[in-house]
Each structure stands twice: as C-alpha cells, then as structure tokens.
$ cat target-v1.cif   # mmCIF, C-alpha atoms and all ligand atoms
data_coords
#
loop_
_atom_site.label_atom_id
_atom_site.label_comp_id
_atom_site.auth_asym_id
_atom_site.auth_seq_id
_atom_site.Cartn_x
_atom_site.Cartn_y
_atom_site.Cartn_z
CA MET A 1 2.69 0.69 -35.14
CA PRO A 2 1.66 2.29 -31.85
CA LYS A 3 0.80 5.98 -32.03
CA SER A 4 3.82 7.87 -30.73
CA ILE A 5 3.14 9.58 -27.43
CA LYS A 6 4.61 13.05 -26.90
CA LYS A 7 3.16 14.03 -23.56
CA ILE A 8 2.51 11.95 -20.46
CA GLY A 9 0.57 12.87 -17.34
CA VAL A 10 1.28 11.43 -13.89
CA LEU A 11 -0.99 11.40 -10.85
CA THR A 12 -1.16 9.84 -7.39
CA SER A 13 -4.50 8.67 -6.05
CA GLY A 14 -5.99 6.88 -3.02
CA GLY A 15 -4.08 6.58 0.25
CA ASP A 16 -0.58 8.06 0.07
CA SER A 17 2.35 5.72 0.54
CA PRO A 18 6.09 6.26 1.00
CA GLY A 19 7.75 6.04 -2.40
CA MET A 20 5.07 7.91 -4.33
CA ASN A 21 7.36 10.93 -4.67
CA ALA A 22 10.19 8.72 -5.84
CA ALA A 23 7.80 7.30 -8.47
CA ILE A 24 6.75 10.77 -9.64
CA ARG A 25 10.42 11.71 -9.92
CA SER A 26 11.13 8.60 -11.93
CA VAL A 27 8.24 9.17 -14.35
CA VAL A 28 9.23 12.81 -14.88
CA ARG A 29 12.90 11.97 -15.43
CA ALA A 30 12.16 9.02 -17.71
CA CYS A 31 10.04 11.39 -19.82
CA ALA A 32 12.87 13.94 -19.90
CA TYR A 33 15.32 11.18 -20.90
CA HIS A 34 13.09 10.19 -23.82
CA ASN A 35 12.37 13.83 -24.80
CA ILE A 36 8.72 13.52 -23.89
CA GLU A 37 6.80 16.29 -22.15
CA CYS A 38 5.46 15.51 -18.71
CA VAL A 39 2.68 17.05 -16.64
CA GLY A 40 1.98 16.47 -12.97
CA ILE A 41 -1.74 16.18 -12.20
CA TYR A 42 -2.75 17.38 -8.73
CA ARG A 43 -5.14 15.61 -6.32
CA GLY A 44 -5.53 12.44 -8.34
CA TYR A 45 -8.67 12.08 -10.44
CA GLU A 46 -10.14 15.24 -8.86
CA GLY A 47 -7.39 17.35 -10.41
CA LEU A 48 -7.65 15.37 -13.64
CA MET A 49 -11.32 16.39 -14.05
CA GLU A 50 -10.51 20.01 -13.20
CA GLY A 51 -7.43 20.28 -15.41
CA ASP A 52 -5.20 20.99 -12.40
CA PHE A 53 -2.00 20.24 -14.35
CA LYS A 54 1.54 21.53 -14.04
CA SER A 55 4.28 21.05 -16.57
CA MET A 56 7.26 19.26 -15.00
CA ASN A 57 10.85 18.80 -16.01
CA ALA A 58 13.79 16.90 -14.51
CA ARG A 59 14.52 19.79 -12.13
CA SER A 60 10.92 20.05 -10.87
CA VAL A 61 11.42 16.79 -9.00
CA ARG A 62 14.71 17.53 -7.30
CA GLY A 63 14.99 16.76 -3.60
CA ILE A 64 11.88 14.59 -3.35
CA ILE A 65 13.17 11.01 -3.56
CA ASN A 66 13.55 10.92 0.23
CA LYS A 67 10.19 12.55 1.06
CA GLY A 68 7.09 10.72 2.29
CA GLY A 69 3.59 11.62 1.08
CA THR A 70 3.10 12.92 -2.45
CA ILE A 71 3.96 16.37 -3.81
CA LEU A 72 1.08 15.97 -6.29
CA LYS A 73 -1.31 15.32 -3.38
CA SER A 74 -3.89 12.59 -3.41
CA ALA A 75 -7.66 12.14 -3.20
CA ARG A 76 -10.33 9.48 -3.38
CA SER A 77 -12.73 10.76 -6.06
CA LYS A 78 -16.43 9.93 -6.21
CA GLU A 79 -17.08 11.96 -9.36
CA PHE A 80 -14.56 10.03 -11.43
CA ARG A 81 -16.72 6.95 -10.84
CA THR A 82 -19.37 8.57 -13.05
CA LYS A 83 -19.34 8.66 -16.86
CA GLU A 84 -19.72 12.47 -16.75
CA GLY A 85 -16.69 12.80 -14.51
CA ARG A 86 -14.55 10.66 -16.79
CA GLN A 87 -15.74 12.63 -19.83
CA LYS A 88 -14.56 15.84 -18.12
CA ALA A 89 -11.18 14.23 -17.49
CA PHE A 90 -10.89 13.11 -21.10
CA ASP A 91 -11.69 16.64 -22.31
CA LYS A 92 -9.04 18.16 -20.02
CA LEU A 93 -6.41 15.69 -21.22
CA ASN A 94 -7.25 16.48 -24.86
CA GLU A 95 -7.15 20.23 -24.24
CA SER A 96 -3.66 19.97 -22.82
CA GLY A 97 -2.36 17.45 -25.34
CA VAL A 98 -1.66 14.67 -22.82
CA GLU A 99 -1.61 11.35 -24.68
CA GLY A 100 -0.76 8.83 -21.95
CA LEU A 101 -1.36 8.55 -18.22
CA VAL A 102 0.63 6.97 -15.39
CA VAL A 103 -1.46 6.45 -12.25
CA VAL A 104 0.13 5.61 -8.92
CA GLY A 105 -2.21 4.06 -6.36
CA GLY A 106 -4.10 0.96 -5.26
CA ASP A 107 -6.97 -1.09 -6.64
CA GLY A 108 -9.48 1.79 -6.59
CA THR A 109 -7.09 3.89 -8.64
CA PHE A 110 -6.56 1.04 -11.09
CA THR A 111 -10.28 0.41 -11.46
CA GLY A 112 -10.76 4.06 -12.46
CA ALA A 113 -7.87 3.89 -14.94
CA MET A 114 -9.12 0.67 -16.49
CA ILE A 115 -12.65 1.96 -17.07
CA PHE A 116 -11.23 5.20 -18.45
CA ASN A 117 -9.09 3.24 -20.87
CA GLN A 118 -12.03 1.11 -21.99
CA GLU A 119 -14.31 4.10 -22.55
CA PHE A 120 -11.90 6.41 -24.34
CA ASP A 121 -9.19 4.08 -25.59
CA PHE A 122 -6.78 6.30 -23.65
CA PRO A 123 -3.34 4.76 -22.87
CA VAL A 124 -2.90 4.14 -19.14
CA MET A 125 -0.23 2.45 -17.02
CA GLY A 126 -0.48 1.71 -13.29
CA ILE A 127 2.17 1.78 -10.58
CA PRO A 128 1.08 0.00 -7.38
CA GLY A 129 1.41 2.48 -4.50
CA THR A 130 -0.09 1.33 -1.20
CA ILE A 131 1.35 0.17 2.11
CA ASP A 132 -1.08 -2.78 2.18
CA ASN A 133 0.70 -4.94 -0.44
CA ASP A 134 -2.71 -6.18 -1.55
CA ILE A 135 -2.19 -6.01 -5.32
CA PHE A 136 -1.78 -9.07 -7.51
CA GLY A 137 1.13 -9.05 -9.99
CA THR A 138 3.84 -7.62 -7.77
CA SER A 139 5.68 -9.07 -4.79
CA HIS A 140 5.90 -5.57 -3.31
CA THR A 141 3.75 -2.48 -3.62
CA LEU A 142 5.40 0.91 -3.12
CA GLY A 143 5.47 1.84 0.53
CA PHE A 144 5.03 -1.66 1.94
CA ASP A 145 8.68 -2.07 2.88
CA THR A 146 8.85 1.38 4.49
CA ALA A 147 5.66 0.74 6.46
CA LEU A 148 7.08 -2.55 7.73
CA ASN A 149 10.18 -0.77 9.01
CA THR A 150 8.13 2.00 10.60
CA VAL A 151 5.88 -0.48 12.38
CA VAL A 152 8.73 -2.67 13.59
CA GLU A 153 10.38 0.39 15.12
CA ALA A 154 7.12 1.20 16.91
CA ILE A 155 6.74 -2.38 18.17
CA ASP A 156 10.31 -2.35 19.53
CA LYS A 157 9.41 0.75 21.53
CA ILE A 158 6.15 -0.72 22.79
CA ARG A 159 8.10 -3.84 23.81
CA ASP A 160 10.19 -1.69 26.17
CA THR A 161 7.06 -0.70 28.08
CA ALA A 162 5.54 -4.18 27.84
CA SER A 163 8.57 -5.81 29.41
CA SER A 164 9.15 -3.07 32.02
CA HIS A 165 5.59 -3.43 33.31
CA ASN A 166 4.94 -7.12 32.55
CA ARG A 167 2.08 -6.13 30.29
CA LEU A 168 0.17 -7.67 27.43
CA PHE A 169 -0.16 -5.29 24.47
CA PHE A 170 -2.58 -5.62 21.58
CA VAL A 171 -1.10 -3.59 18.71
CA GLU A 172 -3.32 -2.83 15.72
CA VAL A 173 -1.67 -2.35 12.35
CA MET A 174 -3.08 -1.28 8.98
CA GLY A 175 -3.58 -3.44 5.92
CA ARG A 176 -7.27 -3.00 5.09
CA ASP A 177 -8.54 -6.55 4.33
CA VAL A 178 -5.19 -8.31 4.24
CA GLY A 179 -2.58 -9.36 6.80
CA HIS A 180 0.72 -8.80 4.99
CA ILE A 181 1.86 -6.00 7.28
CA ALA A 182 0.73 -7.83 10.42
CA LEU A 183 2.39 -11.10 9.52
CA ASN A 184 5.74 -9.57 8.62
CA VAL A 185 5.98 -7.14 11.53
CA GLY A 186 4.74 -9.82 13.90
CA ILE A 187 7.66 -12.04 13.00
CA ALA A 188 10.19 -9.20 12.91
CA GLY A 189 8.94 -7.70 16.18
CA GLY A 190 8.89 -11.04 18.00
CA ALA A 191 5.14 -11.01 18.62
CA GLU A 192 3.67 -13.84 20.64
CA GLU A 193 0.61 -14.02 18.41
CA ILE A 194 -0.50 -12.49 15.09
CA LEU A 195 -4.15 -12.09 14.13
CA ILE A 196 -4.77 -11.75 10.39
CA PRO A 197 -7.91 -11.93 8.23
CA GLU A 198 -6.54 -14.82 6.17
CA GLU A 199 -6.45 -17.12 9.18
CA ASP A 200 -9.21 -17.24 11.77
CA LEU A 201 -7.29 -18.09 14.91
CA GLY A 202 -10.38 -18.08 17.11
CA LEU A 203 -10.60 -16.70 20.62
CA ASP A 204 -9.98 -20.06 22.29
CA ARG A 205 -6.66 -20.53 20.53
CA LEU A 206 -5.65 -16.99 21.38
CA VAL A 207 -6.35 -17.58 25.07
CA GLU A 208 -4.56 -20.93 24.91
CA SER A 209 -1.57 -19.36 23.24
CA LEU A 210 -1.35 -16.53 25.80
CA ASN A 211 -1.54 -19.04 28.65
CA ARG A 212 1.16 -21.15 27.04
CA SER A 213 3.37 -18.08 26.69
CA ARG A 214 2.97 -17.27 30.36
CA GLN A 215 3.60 -20.84 31.47
CA SER A 216 6.77 -20.90 29.40
CA GLY A 217 8.09 -18.04 31.50
CA LYS A 218 7.22 -14.96 29.44
CA SER A 219 6.17 -12.04 31.59
CA SER A 220 5.09 -9.72 28.78
CA SER A 221 3.46 -10.30 25.43
CA ILE A 222 2.70 -8.51 22.21
CA VAL A 223 -0.17 -9.56 19.98
CA ILE A 224 -0.31 -7.97 16.54
CA VAL A 225 -3.83 -7.47 15.23
CA ALA A 226 -4.41 -6.69 11.54
CA GLU A 227 -7.14 -4.05 11.21
CA GLY A 228 -9.12 -6.42 8.94
CA ASP A 229 -8.86 -9.39 11.28
CA LYS A 230 -12.03 -11.47 11.55
CA ILE A 231 -11.78 -12.89 15.06
CA GLY A 232 -15.14 -11.22 15.70
CA LYS A 233 -13.93 -8.65 18.21
CA ASN A 234 -12.23 -5.32 17.63
CA ILE A 235 -8.99 -4.61 19.45
CA PHE A 236 -10.70 -2.87 22.40
CA GLU A 237 -13.16 -5.75 22.78
CA LEU A 238 -10.19 -8.13 22.75
CA LYS A 239 -8.72 -6.25 25.68
CA ASP A 240 -12.07 -6.43 27.53
CA TYR A 241 -12.30 -10.14 26.75
CA VAL A 242 -8.88 -10.85 28.26
CA ASP A 243 -9.63 -8.60 31.25
CA GLU A 244 -12.82 -10.55 31.90
CA ASN A 245 -11.64 -14.06 31.11
CA MET A 246 -7.99 -14.27 32.08
CA GLU A 247 -6.48 -13.72 35.48
CA GLY A 248 -3.57 -11.46 36.19
CA TYR A 249 -3.06 -9.72 32.88
CA ASP A 250 -2.36 -6.00 32.69
CA VAL A 251 -3.58 -5.30 29.17
CA ARG A 252 -3.04 -2.24 26.97
CA VAL A 253 -4.07 -1.40 23.42
CA SER A 254 -2.06 0.55 20.87
CA VAL A 255 -3.59 1.48 17.52
CA LEU A 256 -0.73 2.70 15.35
CA GLY A 257 -2.89 4.42 12.72
CA HIS A 258 -1.64 6.73 10.00
CA MET A 259 1.91 7.06 11.30
CA GLN A 260 2.37 3.80 9.37
CA ARG A 261 1.86 5.61 6.06
CA GLY A 262 4.29 8.45 6.66
CA GLY A 263 8.01 9.02 6.69
CA ALA A 264 10.96 8.81 4.36
CA PRO A 265 10.81 5.83 2.00
CA SER A 266 13.27 3.00 2.60
CA CYS A 267 16.11 2.33 0.18
CA PHE A 268 14.11 -0.60 -1.18
CA ASP A 269 11.06 1.58 -1.93
CA ARG A 270 13.19 4.30 -3.56
CA VAL A 271 14.82 1.80 -5.89
CA LEU A 272 11.52 0.08 -6.61
CA ALA A 273 9.83 3.40 -7.38
CA SER A 274 12.65 4.40 -9.71
CA ARG A 275 12.41 1.11 -11.59
CA MET A 276 8.63 1.23 -11.81
CA GLY A 277 8.53 4.80 -13.12
CA VAL A 278 10.98 4.02 -15.92
CA LYS A 279 9.13 0.83 -16.84
CA ALA A 280 5.77 2.61 -16.86
CA VAL A 281 6.94 5.38 -19.20
CA GLU A 282 8.83 3.07 -21.53
CA SER A 283 5.89 0.65 -21.72
CA LEU A 284 3.56 3.49 -22.74
CA LEU A 285 6.07 4.61 -25.36
CA GLU A 286 6.18 1.04 -26.71
CA GLY A 287 2.39 1.19 -27.17
CA GLN A 288 1.45 -0.94 -24.15
CA THR A 289 -1.66 0.12 -22.30
CA ASN A 290 -3.99 -0.97 -19.49
CA TYR A 291 -1.23 -2.70 -17.51
CA MET A 292 0.29 -2.42 -14.08
CA VAL A 293 4.04 -2.45 -13.61
CA GLY A 294 5.11 -4.93 -10.93
CA LEU A 295 8.10 -6.62 -9.37
CA LEU A 296 8.18 -10.38 -9.93
CA ASN A 297 11.31 -12.47 -9.32
CA ASN A 298 13.28 -9.22 -9.19
CA LYS A 299 12.18 -8.26 -12.71
CA MET A 300 9.83 -5.53 -13.86
CA GLU A 301 6.77 -7.26 -15.33
CA LEU A 302 3.44 -6.06 -16.73
CA THR A 303 0.14 -7.44 -15.45
CA PRO A 304 -3.21 -6.46 -17.03
CA LEU A 305 -4.94 -3.96 -14.72
CA ASP A 306 -7.98 -6.23 -14.60
CA ASN A 307 -5.91 -9.10 -13.16
CA ALA A 308 -4.09 -6.79 -10.75
CA ILE A 309 -7.45 -5.65 -9.36
CA LYS A 310 -9.28 -8.97 -9.29
CA GLY A 311 -6.37 -11.29 -8.45
CA LYS A 312 -5.56 -11.92 -4.81
CA SER A 313 -2.19 -11.18 -3.28
CA LYS A 314 -1.86 -14.40 -1.29
CA ILE A 315 -0.47 -14.60 2.20
CA ASN A 316 2.84 -16.43 2.38
CA LEU A 317 2.07 -19.76 4.09
CA GLU A 318 5.70 -20.34 4.92
CA LEU A 319 5.72 -17.07 6.90
CA LEU A 320 2.64 -18.25 8.77
CA ARG A 321 4.42 -21.44 9.76
CA VAL A 322 7.57 -19.57 10.76
CA SER A 323 5.52 -17.23 12.92
CA ASP A 324 3.92 -20.24 14.67
CA ILE A 325 7.30 -21.80 15.36
CA MET A 326 8.79 -18.50 16.56
CA SER A 327 6.04 -17.98 19.13
CA THR A 328 6.71 -21.29 20.95
O1 LIG B 401 -4.83 1.51 1.80
C1 LIG B 401 -3.99 2.14 2.72
C2 LIG B 401 -4.69 2.34 4.04
O2 LIG B 401 -3.81 3.01 4.91
C3 LIG B 401 -5.25 1.07 4.69
O3 LIG B 401 -4.25 0.33 5.33
C4 LIG B 401 -6.28 1.64 5.62
O4 LIG B 401 -7.31 0.70 5.85
C5 LIG B 401 -6.83 2.81 4.83
O5 LIG B 401 -5.83 3.16 3.86
C6 LIG B 401 -7.14 4.04 5.66
O6 LIG B 401 -7.68 4.98 4.81
P1 LIG B 401 -7.89 6.51 5.20
O7 LIG B 401 -6.56 7.19 5.16
O8 LIG B 401 -8.81 7.03 4.16
O9 LIG B 401 -8.45 6.52 6.57
#
$ encode --input "target-v1.cif" --output "structure tokens" --more "lines below"
Ligand code: F6P
Amino acid sequence: MPKSIKKIGVLTSGGDSPGMNAAIRSVVRACAYHNIECVGIYRGYEGLMEGDFKSMNARSVRGIINKGGTILKSARSKEFRTKEGRQKAFDKLNESGVEGLVVVGGDGTFTGAMIFNQEFDFPVMGIPGTIDNDIFGTSHTLGFDTALNTVVEAIDKIRDTASSHNRLFFVEVMGRDVGHIALNVGIAGGAEEILIPEEDLGLDRLVESLNRSRQSGKSSSIVIVAEGDKIGKNIFELKDYVDENMEGYDVRVSVLGHMQRGGAPSCFDRVLASRMGVKAVESLLEGQTNYMVGLLNNKMELTPLDNAIKGKSKINLELLRVSDIMST
C-alpha cells in the first residue's frame, strides 16, 4: 500500500509559460477536493531550499486561471544542482510536513525532480510547462498553444507592413533547440519559408525559394526562423546575406523575443492545465512517483520523468510537407 500523502507542495520552475497559473490553481483545488493540504513554493527550487512556502486553499487561487506568468514566480536554480542544495530542500520539506511535490516546468525542472526523487525517495510528479513543446510524452506542453496564437497575431501584423512596402521580413521565434513553434506559426501565418533546426534547408535553397516566390508574383515575403535553426547564420547575418547576394530586396528583421511567453493562456491551455493538475495530484495520492503527466491521444497519461527528459519530441513530418506545398 502506498503511504498516504497528507500535504502536497507545488512549484513552477524554469521559463514561465502561459497556463502555469491555471496548473497551480488546479493542483491547489484538487488537493482541497481530496482534503489534502497544499503549499505553494515560491521561486521554484530556490524557494524550496529556503523554505519559502505558503499554505494555499481553494480561495487562494481565485482569479488566476486567465493570468499569464506564474503567481509562485519562477527561477533557474544552480544550487539545486548540488547535493547540498537538494539536502536543504529535503530538510525544508520535512520541517513543513510536505510529503509530495508537483513541479511545473521543462526538462531542467524534471531533471532536478528526478534526481531529488532518487536521492531521497521523495514522491514527485511533473507537469510540462514550456512554450517550446520539446518534452517527450505529451503532444502539447502548457503554454505552447498560447504562444502559437500570440506569434501568429504578431506575424499577421508584420505581414501588413511587409505587403505595404513590398518587403522581405525574417521573423525569429523562440523554441530553444526545436522548431515546433516555427513550423506551426509558419504554416498558420502563411510564411514563404520556415527555417527549423530539424531540417537544414541550406542557404542555396533559401535563395532559390525566395527567387521562386518573387517570380510567381509575390511582392512581399515572410521567412520564419526558429531561434535554434542551424543554417549557419543568425537572423541578422541572413539579412546581410540577402542584401549582398540578391538584387532588389528590402529586407527587415523582427526578433519577437519574450512577448511570446506572456499573455493570457488560451482556452486549450487552461483546460489542459486543469486536467494536468488533477491528474498530477491524484497520481501522487495513488502512490505513483517520478512521472510526468502528459496529453496523448486526448487522454492524460504518465511518462517516467527519465523518458520525458531523454526522449525527443519529434517534428511532425506531415506538417513539414504541408508547409512545403503551401509555399508554392
Ligand atoms: O524554454 C522557453 C524559452 O523561452 C526558450 O524558447 C528560450 O530559448 C528560452 O526560454 C529563453 O530563456 P530566458 O528567458 O532565460 O532568456
């Protein structure tokens, strides 16, 4: 029989993403529903090591489902990577009687949780919160859908300028080492070309594709560049390259940056966060530990944290093909 858990802690760690607040709300309310105490832990693993805890009840999380960012704040902690740091965290959890932990974040957050679990046999459950969608074991991470909508809105606006001035825009989007955001927003925003790390387009093909676009009668173009793209040039060097090697282009660069991480979560992310929070709490109460909660085939499924971290979230090849066809 699993040891019954009476108090659960929840924290958000790593880069914030829209839907983290909705996940905190869900964890807190699922605890209240099951008559379990819940504490919010501030500033991720930093606050965990310092004992920066606050008792939360169903009313503490009112009015936050629609808010971006995280009310618990977030941090990327170096000290938690050390054995001493994790020992401090374990002591603080024991002092306050917390018996299970829900961590919301990306692969760095999960790595910390997994090591902590292995060292102290402490029950942990992960909720994938990152706009990058780079976690194995879930079709969607929290915040990905909202970020896509935010970026598409920005591209639509840039398109207005591009077409008014017959310009070529290189638009850089986030995604760390993966191209999920770029590929999706490229299709949705009608981009002429999409540069992602998973597919090395090469400069020659880019030039060829831009020429083809122009010959086919397009007077403006948008090229989406994933921040982790490996074409060998950063977005400003790409602009210089086109300026130097292609006639008659008026090129501009737009790096969207952190605006992609902010804003009210979409309906999809709010629902996903609510489902994930409930699943995380109930899994801990059933004695499950060291898993991540994910969405697979529209069901909540558990994936071992180790697999979630080491597995690759593959790019959808069908989307790649669609994007090629759409840019003809
Ligand atoms: O992981 C989310 C993310 O926004 C990535 O897309 C980006 O590479 C990184 O975080 C930026 O991190 P920071 O906010 O620390 O600059």
$ residues_near_ligand --input "target-v1.cif" --ligand "ligand LIG 401 (chain B)" --cutoff "10 Å" --atoms "all atoms listed in the file" --output "PyMOL selection string"
chain A and resi 14-17+75-76+105-108+129-134+143-144+147+173-179+181+226-228+257-262
$ write_last_selection --input "target-v1.cif" --atoms "C-alpha atoms" --output "PDB file, keeping the file's coordinate frame"
ATOM      1  CA  GLY A  14      -5.990   6.880  -3.020  1.00  0.00           C
ATOM      2  CA  GLY A  15      -4.080   6.580   0.250  1.00  0.00           C
ATOM      3  CA  ASP A  16      -0.580   8.060   0.070  1.00  0.00           C
ATOM      4  CA  SER A  17       2.350   5.720   0.540  1.00  0.00           C
ATOM      5  CA  ALA A  75      -7.660  12.140  -3.200  1.00  0.00           C
ATOM      6  CA  ARG A  76     -10.330   9.480  -3.380  1.00  0.00           C
ATOM      7  CA  GLY A 105      -2.210   4.060  -6.360  1.00  0.00           C
ATOM      8  CA  GLY A 106      -4.100   0.960  -5.260  1.00  0.00           C
ATOM      9  CA  ASP A 107      -6.970  -1.090  -6.640  1.00  0.00           C
ATOM     10  CA  GLY A 108      -9.480   1.790  -6.590  1.00  0.00           C
ATOM     11  CA  GLY A 129       1.410   2.480  -4.500  1.00  0.00           C
ATOM     12  CA  THR A 130      -0.090   1.330  -1.200  1.00  0.00           C
ATOM     13  CA  ILE A 131       1.350   0.170   2.110  1.00  0.00           C
ATOM     14  CA  ASP A 132      -1.080  -2.780   2.180  1.00  0.00           C
ATOM     15  CA  ASN A 133       0.700  -4.940  -0.440  1.00  0.00           C
ATOM     16  CA  ASP A 134      -2.710  -6.180  -1.550  1.00  0.00           C
ATOM     17  CA  GLY A 143       5.470   1.840   0.530  1.00  0.00           C
ATOM     18  CA  PHE A 144       5.030  -1.660   1.940  1.00  0.00           C
ATOM     19  CA  ALA A 147       5.660   0.740   6.460  1.00  0.00           C
ATOM     20  CA  VAL A 173      -1.670  -2.350  12.350  1.00  0.00           C
ATOM     21  CA  MET A 174      -3.080  -1.280   8.980  1.00  0.00           C
ATOM     22  CA  GLY A 175      -3.580  -3.440   5.920  1.00  0.00           C
ATOM     23  CA  ARG A 176      -7.270  -3.000   5.090  1.00  0.00           C
ATOM     24  CA  ASP A 177      -8.540  -6.550   4.330  1.00  0.00           C
ATOM     25  CA  VAL A 178      -5.190  -8.310   4.240  1.00  0.00           C
ATOM     26  CA  GLY A 179      -2.580  -9.360   6.800  1.00  0.00           C
ATOM     27  CA  ILE A 181       1.860  -6.000   7.280  1.00  0.00           C
ATOM     28  CA  ALA A 226      -4.410  -6.690  11.540  1.00  0.00           C
ATOM     29  CA  GLU A 227      -7.140  -4.050  11.210  1.00  0.00           C
ATOM     30  CA  GLY A 228      -9.120  -6.420   8.940  1.00  0.00           C
ATOM     31  CA  GLY A 257      -2.890   4.420  12.720  1.00  0.00           C
ATOM     32  CA  HIS A 258      -1.640   6.730  10.000  1.00  0.00           C
ATOM     33  CA  MET A 259       1.910   7.060  11.300  1.00  0.00           C
ATOM     34  CA  GLN A 260       2.370   3.800   9.370  1.00  0.00           C
ATOM     35  CA  ARG A 261       1.860   5.610   6.060  1.00  0.00           C
ATOM     36  CA  GLY A 262       4.290   8.450   6.660  1.00  0.00           C
TER      37      GLY A 262
END
$ atom_distance --input "target-v1.cif" --atom1 "atom CA of A:Arg43" --atom2 "atom CA of A:Asn66"
20.4 Å
$ closest_residue --input "target-v1.cif" --among "A:Phe169, A:Phe236, A:Tyr291, A:Phe122" --to "A:Tyr249" --atoms "only C-alpha atoms"
A:Phe169
$ closest_residue --input "target-v1.cif" --among "A:His180, A:Ile222, A:Gly202, A:Thr109" --to "A:Ser139" --atoms "only C-alpha atoms"
A:His180
$ axis_aligned_box --input "target-v1.cif" --around "stretch 281-286 of chain A" --padding-each-side "5 Å" --output "JSON"
{"center_x": 6.2, "center_y": 3.0, "center_z": -23.0, "size_x": 15.3, "size_y": 14.7, "size_z": 17.5}
$ residues_around --input "target-v1.cif" --residues "A:Asp306" --least-positions-apart "3" --cutoff "9 Å" --atoms "all atoms listed in the file" --output "JSON, numbers by chain"
{"A": [110, 111, 114, 290, 291, 303, 309, 310, 311]}
$ closest_residue --input "target-v1.cif" --among "A:Thr146, A:Ser77, A:Ser60, A:Asn21" --to "A:Cys38" --atoms "all atoms listed in the file"
A:Ser60
$ atom_distance --input "target-v1.cif" --atom1 "atom CA of A:Ser313" --atom2 "atom CA of A:Ser74"
23.8 Å
$ residues_around --input "target-v1.cif" --residues "A:Val103" --least-positions-apart "5" --cutoff "10 Å" --atoms "only C-alpha atoms" --output "ChimeraX atom specification"
/A:9-13,24,41,44-45,109-110,112-113,124-129,280,292
$ closest_residue --input "target-v1.cif" --among "A:Val225, A:Ile135, A:Leu142, A:Ala32" --to "A:Arg275" --atoms "all atoms listed in the file"
A:Leu142
$ closest_residue --input "target-v1.cif" --among "A:Lys67, A:Leu201, A:Ser254, A:Pro123" --to "A:Glu286" --atoms "all atoms listed in the file"
A:Pro123
$ atom_distance --input "target-v1.cif" --atom1 "atom CA of A:Ala22" --atom2 "atom CA of A:Thr150"
17.9 Å
$ closest_residue --input "target-v1.cif" --among "A:Ile5, A:Val102, A:Ile315, A:Val253" --to "A:Asn35" --atoms "all atoms listed in the file"
A:Ile5
$ residues_around --input "target-v1.cif" --residues "A:Glu153" --least-positions-apart "4" --cutoff "12 Å" --atoms "only C-alpha atoms" --output "PyMOL selection string"
chain A and resi 146-149+157-160+185-186+188-190+256+259-260
$ decode --input "target-v1.cif" --residues "stretch 148-161 of chain A" --atoms "N, CA and C atoms" --output "compact mmCIF listing (two decimals), in the first residue's frame"
# COMPACT_ATOMS: atom_id res chain seq x y z
N LEU A 148 1.67 29.93 -29.75
CA LEU A 148 1.39 29.88 -31.19
C LEU A 148 0.43 30.99 -31.58
N ASN A 149 -0.62 31.16 -30.78
CA ASN A 149 -1.61 32.20 -31.11
C ASN A 149 -1.01 33.60 -31.01
N THR A 150 -0.18 33.79 -30.00
CA THR A 150 0.48 35.10 -29.84
C THR A 150 1.37 35.40 -31.05
N VAL A 151 2.12 34.40 -31.47
CA VAL A 151 3.07 34.63 -32.56
C VAL A 151 2.33 34.84 -33.89
N VAL A 152 1.27 34.07 -34.10
CA VAL A 152 0.52 34.24 -35.35
C VAL A 152 -0.06 35.65 -35.43
N GLU A 153 -0.53 36.15 -34.30
CA GLU A 153 -1.07 37.52 -34.30
C GLU A 153 0.03 38.52 -34.69
N ALA A 154 1.23 38.29 -34.15
CA ALA A 154 2.35 39.19 -34.46
C ALA A 154 2.71 39.09 -35.95
N ILE A 155 2.71 37.88 -36.49
CA ILE A 155 3.07 37.70 -37.91
C ILE A 155 2.03 38.41 -38.79
N ASP A 156 0.76 38.27 -38.44
CA ASP A 156 -0.28 38.95 -39.23
C ASP A 156 -0.01 40.45 -39.29
N LYS A 157 0.45 41.00 -38.17
CA LYS A 157 0.70 42.44 -38.13
C LYS A 157 1.93 42.79 -38.97
N ILE A 158 2.95 41.96 -38.85
CA ILE A 158 4.17 42.20 -39.64
C ILE A 158 3.82 42.10 -41.13
N ARG A 159 2.95 41.18 -41.46
CA ARG A 159 2.53 40.99 -42.87
C ARG A 159 1.95 42.29 -43.44
N ASP A 160 1.23 43.03 -42.61
CA ASP A 160 0.66 44.30 -43.09
C ASP A 160 1.76 45.23 -43.60
N THR A 161 2.83 45.33 -42.81
CA THR A 161 3.95 46.19 -43.23
C THR A 161 4.68 45.58 -44.42
